[in-house]
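Presented below is the structure to which this report refers.
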Amino acid sequence: MSLGDYLRYLRAVHGGESTQDIATKLGLPSPWPINEIEQRYRDCGDNELVARLAEYYGVPVEEMQWRRRRSRKALTAFLSEAQDNAHTIVLVLRNEERLIGTVEWFDMGAILLKPLDDEKRDIMVQRHIVDDWEMA
Amino acid sequence: MDDLWKIRLKKQMTVAQLSARAGIPARLLHEYEEGARSVPMRNLEAIAKALYVDVMDIKALSDPIPANLTDEVRPPRRAAEDEPQRPAAPPAARPSEPRSAPPYGGRERPPRREPRGPSKARESQVQHLLSLAQLFEWDQAALEREMGTPLAQLDRMEASRWLKVLQERIVTERPKGAKKRRPYLPESVDAFELHYLQDRQETEKQLDFVLFNGDKLTGRVIGFGPYNITVVTPDGAEVTLNKLAIAYYTGEE
């Protein structure tokens with residue numbers, strides 16, 4: 001899960017307050033920097049803001065930085081390479097389940113995996129559940 | 001519909017300002033305002049845009065400015081105001097003078113410049129050529145052999161032509177170094193999953209859902225949208241699942 005997706009998730013479990021509310025509480029003049037991190041597919045935002053958001057949500061800043069390196073763009077590049085070269089990949093889900101297979105296709109919201117152990121089945125993985133990824 | 005000069009005065013704009021905004025020489029604007037010539041449609045559009053009025057509001061051929069208003073409408077011209085980019089014209093070159101006035105203010109016509117030879121290729125063009133050559137695994141010497149000209153002697157036109165040639169060859173020959181690019185499409189479409197669901201709905205195949213919280217559900221797709229999927233479970237219940245609640249789902253081919 002990218003930092004943007006994670007921040008949206010944290011905002012939802014904290015009662016769904018607006019980014020404007022959070023910006024006001026953090027003393028930011030505008031919610032724009034938070035919106036940018038939440039909405040952009042690439043890695044963005046500065047370390048200070050990420051640290052302040054980590055403190056606000058009560059989560060370790062290291063986790064925020066770890067997710068920052070796993071942007072949606074990074075996942076797309078990984079999937080694109082795996083699909084082009086027919087590599088077997090491992091997707092680590094947020095519930096710690098590991099799915100292994102080859103990439104049939106992927107789009108903005110989902111990834112279609114062909115599992116190694118059952119070629120007749122498809123696994124449609126929602127991108128927002130993917131925490132980490134690696135080549136098998 | 002009104003005279004150009006009236007509208008300009010209403011907008012409290014000088015001829016110089018209108019000239020700068022519309023991109024029309026001030027001298028020409030004076031002629032339009034004096035009714036010496038009508039405004040062609042192309043210039044009329046530019047003037048209307050600059051004055052924030054409709055084209056239909058301006059007369060193509062203005063009535064001449066009344067003599068008693070001339071000074072008010074058209075203050076004594078200052079060359080620096082009307083045509084700041086030009087040096088002040090000598091008295092003989094004023095537009096009010098008859099057209100028979102000698103050109104160049106009576107001075108001798110300046111000699112024509114000799115046409116310059118082709119310019120040397122830009123550094124950015126050279127760098128671009130070298131980067132494209134890398135895709136063919138050519139070094140500079142190989143690139144120069146291919147072009148038949150040393151890079152240092154290449155002119156801009158030739159560099160531009162070779163850039164085009166190499167780019168076309170990359171598309172047709174697909175050299176080893178040219179990586180196929182497709183990073184943006186999957187970021188901007190969500191049609192793949194929708195097609196998949198459409199197929200599952202038409203073939204009435206069961207899907208097994210695993211939800212974010214670990215719950216499991218089996219059902220047949222009866223409808224879907226960008227954010228949710230509606231299924232009928234084996235016991236006949238209709239359930240709409242928010243995609244955010246779904247971790248993944250599986251189905252047979």
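Residue numbering restarts at 1 in every chain; chains get A, B, ... in the order shown in the structure tokens, and ligands count up from 1 in that same order.
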
Original post:
Please, which residues of chain A, numbered as in this document, come out strand (DSSP E) from DSSP, as number ranges by chain?
Top reply: A: 88-93, 98-106, 110-115, 121-126, 130-135

**OP:** Quick one: pick out all alpha helix (DSSP H) residues within chain A from a backbone DSSP run and write them as number ranges by chain.
**Re:** A: 3-13, 19-26, 32-39, 47-57, 61-68, 72-85

Original post:
Using only C-alpha atoms, which of B:Gln125, B:Gln201, B:Gln12, B:Gln206 sits nearest chain A?
Top reply: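 Smallest separation from chain A among the options: B:Gln206.
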
Any chance you could tabulate, as a tab-separated table, the residues of chain A at most 10 Å from chain B with each one's nearest atom pair and distance in Å to one decimal, using only C-alpha atoms, in chain and rising number order?
```
residue	atom	partner	partner_atom	distance
A:Tyr9	CA	B:Leu244	CA	9.9
A:Tyr41	CA	B:Glu187	CA	8.3
A:Arg72	CA	B:Glu187	CA	8.3
A:Lys73	CA	B:Glu187	CA	7.9
A:Thr76	CA	B:Pro183	CA	6.8
A:Ala77	CA	B:Pro183	CA	6.5
A:Phe78	CA	B:Pro183	CA	9.9
A:Leu79	CA	B:Pro183	CA	9.5
A:Ser80	CA	B:Pro183	CA	7.0
A:Glu81	CA	B:Pro183	CA	9.6
A:Asp84	CA	B:Lys180	CA	9.3
A:Leu93	CA	B:Ala247	CA	8.0
A:Arg94	CA	B:Phe212	CA	8.3
A:Asn95	CA	B:Phe212	CA	7.5
A:Trp105	CA	B:Phe192	CA	7.7
A:Phe106	CA	B:Pro186	CA	6.3
A:Asp107	CA	B:Pro186	CA	4.1
A:Met108	CA	B:Glu187	CA	4.7
A:Gly109	CA	B:Asp190	CA	6.0
A:Ala110	CA	B:Glu193	CA	6.6
A:Ile111	CA	B:Glu193	CA	8.2
A:Leu112	CA	B:Glu193	CA	8.3
A:Leu113	CA	B:Thr250	CA	9.4
A:Lys114	CA	B:Thr250	CA	9.9
A:Asp118	CA	B:Glu252	CA	9.6
A:Glu119	CA	B:Glu253	CA	8.8
A:Lys120	CA	B:Glu253	CA	5.7
A:Arg121	CA	B:Glu252	CA	4.4
A:Asp122	CA	B:Thr250	CA	5.4
A:Ile123	CA	B:Thr250	CA	4.5
A:Met124	CA	B:Tyr249	CA	5.2
A:Val125	CA	B:Tyr248	CA	4.3
A:Gln126	CA	B:Tyr248	CA	5.7
A:Arg127	CA	B:Ala247	CA	8.4
A:His128	CA	B:Leu244	CA	7.5
A:Ile129	CA	B:Ala247	CA	5.6
A:Val130	CA	B:Ala247	CA	8.5
```

Subject >> Selection: 7 Å around segment 62-64 of chain A, only C-alpha atoms, excl. self and same-chain fewer than 3 positions, as a PyMOL selection string >> reply: chain A and resi 3+50+54+67-68

Original post:
When you draw a straight line from atom CA of Ile100 of chain A to atom CA of Pro115 of chain A, how long is it in Å?
Top reply: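 We find that atom CA of Ile100 of chain A and atom CA of Pro115 of chain A lie 5.9 Å from each other.
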
Subject >> Spatial neighbours of segment 23-38 of chain A, max dist 9 Å, only C-alpha atoms, sep filter under 3 positions, as a list in words >> reply: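 Here the answer would be Ser2, Leu3, Gly4, Asp5, Tyr6, Leu7, Arg8, Ser18, Thr19, Gln20, Tyr41, Arg42, Asp43, Cys44, Gly45, Asp46, Leu49, Arg52, Leu53 and Tyr56 of chain A.
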
Selected residues, C-alpha atoms, written as a compact mmCIF listing (two decimals), in the first residue's frame, please.
```txt
# COMPACT_ATOMS: atom_id res chain seq x y z
CA SER A 2 1.44 3.33 -1.01
CA LEU A 3 1.78 6.18 1.47
CA GLY A 4 -1.10 7.98 -0.25
CA ASP A 5 -3.42 4.99 0.10
CA TYR A 6 -2.27 4.49 3.70
CA LEU A 7 -2.96 8.12 4.63
CA ARG A 8 -6.46 7.86 3.16
CA SER A 18 -11.13 16.35 5.87
CA THR A 19 -7.57 17.15 4.85
CA GLN A 20 -8.46 20.80 5.56
CA TYR A 41 0.84 8.17 -7.79
CA ARG A 42 4.49 9.03 -7.41
CA ASP A 43 6.46 9.58 -4.25
CA CYS A 44 5.97 13.14 -3.05
CA GLY A 45 5.86 15.21 0.14
CA ASP A 46 8.74 16.22 2.36
CA LEU A 49 5.38 16.77 6.75
CA ARG A 52 4.17 15.39 11.44
CA LEU A 53 1.49 13.22 9.89
CA TYR A 56 -0.72 13.06 14.26
```

Original post:
Leu135 of chain B: which residues within 12 Å, counting only C-alpha atoms, same-chain residues fewer than 3 positions away excluded, as a list of chain:residue names?
Top reply: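 The filter keeps B:His128, B:Leu129, B:Leu130, B:Ser131, B:Leu132, B:Trp138, B:Asp139, B:Leu143, B:Leu166, B:Gln167, B:Arg169, B:Ile170, B:Val171, B:Glu173, B:Arg174, B:Pro175, B:Lys176, B:Gly177, B:Ala178, B:Lys179, B:Lys180.
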
Could you turn the residues from that selection into a file that holds C-alpha atoms, as a PDB file, in the first residue's frame?
```pdb
ATOM      1  CA  HIS B 128      19.916  13.788 -28.447  1.00  0.00           C
ATOM      2  CA  LEU B 129      21.543  12.137 -31.458  1.00  0.00           C
ATOM      3  CA  LEU B 130      24.149  10.516 -29.225  1.00  0.00           C
ATOM      4  CA  SER B 131      21.475   9.235 -26.851  1.00  0.00           C
ATOM      5  CA  LEU B 132      19.500   7.733 -29.749  1.00  0.00           C
ATOM      6  CA  TRP B 138      26.681   2.897 -31.637  1.00  0.00           C
ATOM      7  CA  ASP B 139      29.424   5.075 -30.302  1.00  0.00           C
ATOM      8  CA  LEU B 143      27.010   7.421 -35.575  1.00  0.00           C
ATOM      9  CA  LEU B 166      16.712   7.637 -36.092  1.00  0.00           C
ATOM     10  CA  GLN B 167      13.403   7.974 -34.254  1.00  0.00           C
ATOM     11  CA  ARG B 169      14.178   3.541 -37.247  1.00  0.00           C
ATOM     12  CA  ILE B 170      13.724   2.944 -33.515  1.00  0.00           C
ATOM     13  CA  VAL B 171      10.009   2.404 -34.093  1.00  0.00           C
ATOM     14  CA  GLU B 173      13.647  -1.772 -36.157  1.00  0.00           C
ATOM     15  CA  ARG B 174      13.190  -1.894 -32.370  1.00  0.00           C
ATOM     16  CA  PRO B 175      16.901  -2.045 -31.526  1.00  0.00           C
ATOM     17  CA  LYS B 176      17.925  -3.946 -28.385  1.00  0.00           C
ATOM     18  CA  GLY B 177      18.535  -0.823 -26.382  1.00  0.00           C
ATOM     19  CA  ALA B 178      15.070   0.639 -27.047  1.00  0.00           C
ATOM     20  CA  LYS B 179      12.860  -0.491 -24.214  1.00  0.00           C
ATOM     21  CA  LYS B 180       9.173  -0.736 -24.894  1.00  0.00           C
TER      22      LYS B 180
END
```

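Distance-wise, atom CA of Pro40 of chain B and atom CA of Pro66 of chain B end up 23.0 Å apart.
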
Name all residues at most 9 Å from Gly23 of chain B (count only C-alpha atoms; drop same-chain ones fewer than 4 positions away) and give them as a tab-separated table (two decimals) with N, CA and C atoms, in the first residue's frame.
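As a result, selection36.tsv now contains:
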```
chain	number	residue	atom	x	y	z
B	18	LEU	N	-4.24	49.41	-26.74
B	18	LEU	CA	-5.02	48.51	-27.59
B	18	LEU	C	-4.09	47.81	-28.59
B	19	SER	N	-3.13	48.56	-29.09
B	19	SER	CA	-2.19	47.99	-30.04
B	19	SER	C	-1.41	46.84	-29.41
B	43	ASN	N	-8.53	41.02	-37.88
B	43	ASN	CA	-8.14	42.06	-36.92
B	43	ASN	C	-9.31	42.46	-36.04
B	46	ALA	N	-9.39	40.20	-33.13
B	46	ALA	CA	-8.31	40.50	-32.18
B	46	ALA	C	-8.65	41.76	-31.38
B	47	ILE	N	-9.22	42.75	-32.05
B	47	ILE	CA	-9.57	44.00	-31.38
B	47	ILE	C	-10.71	43.76	-30.39
```
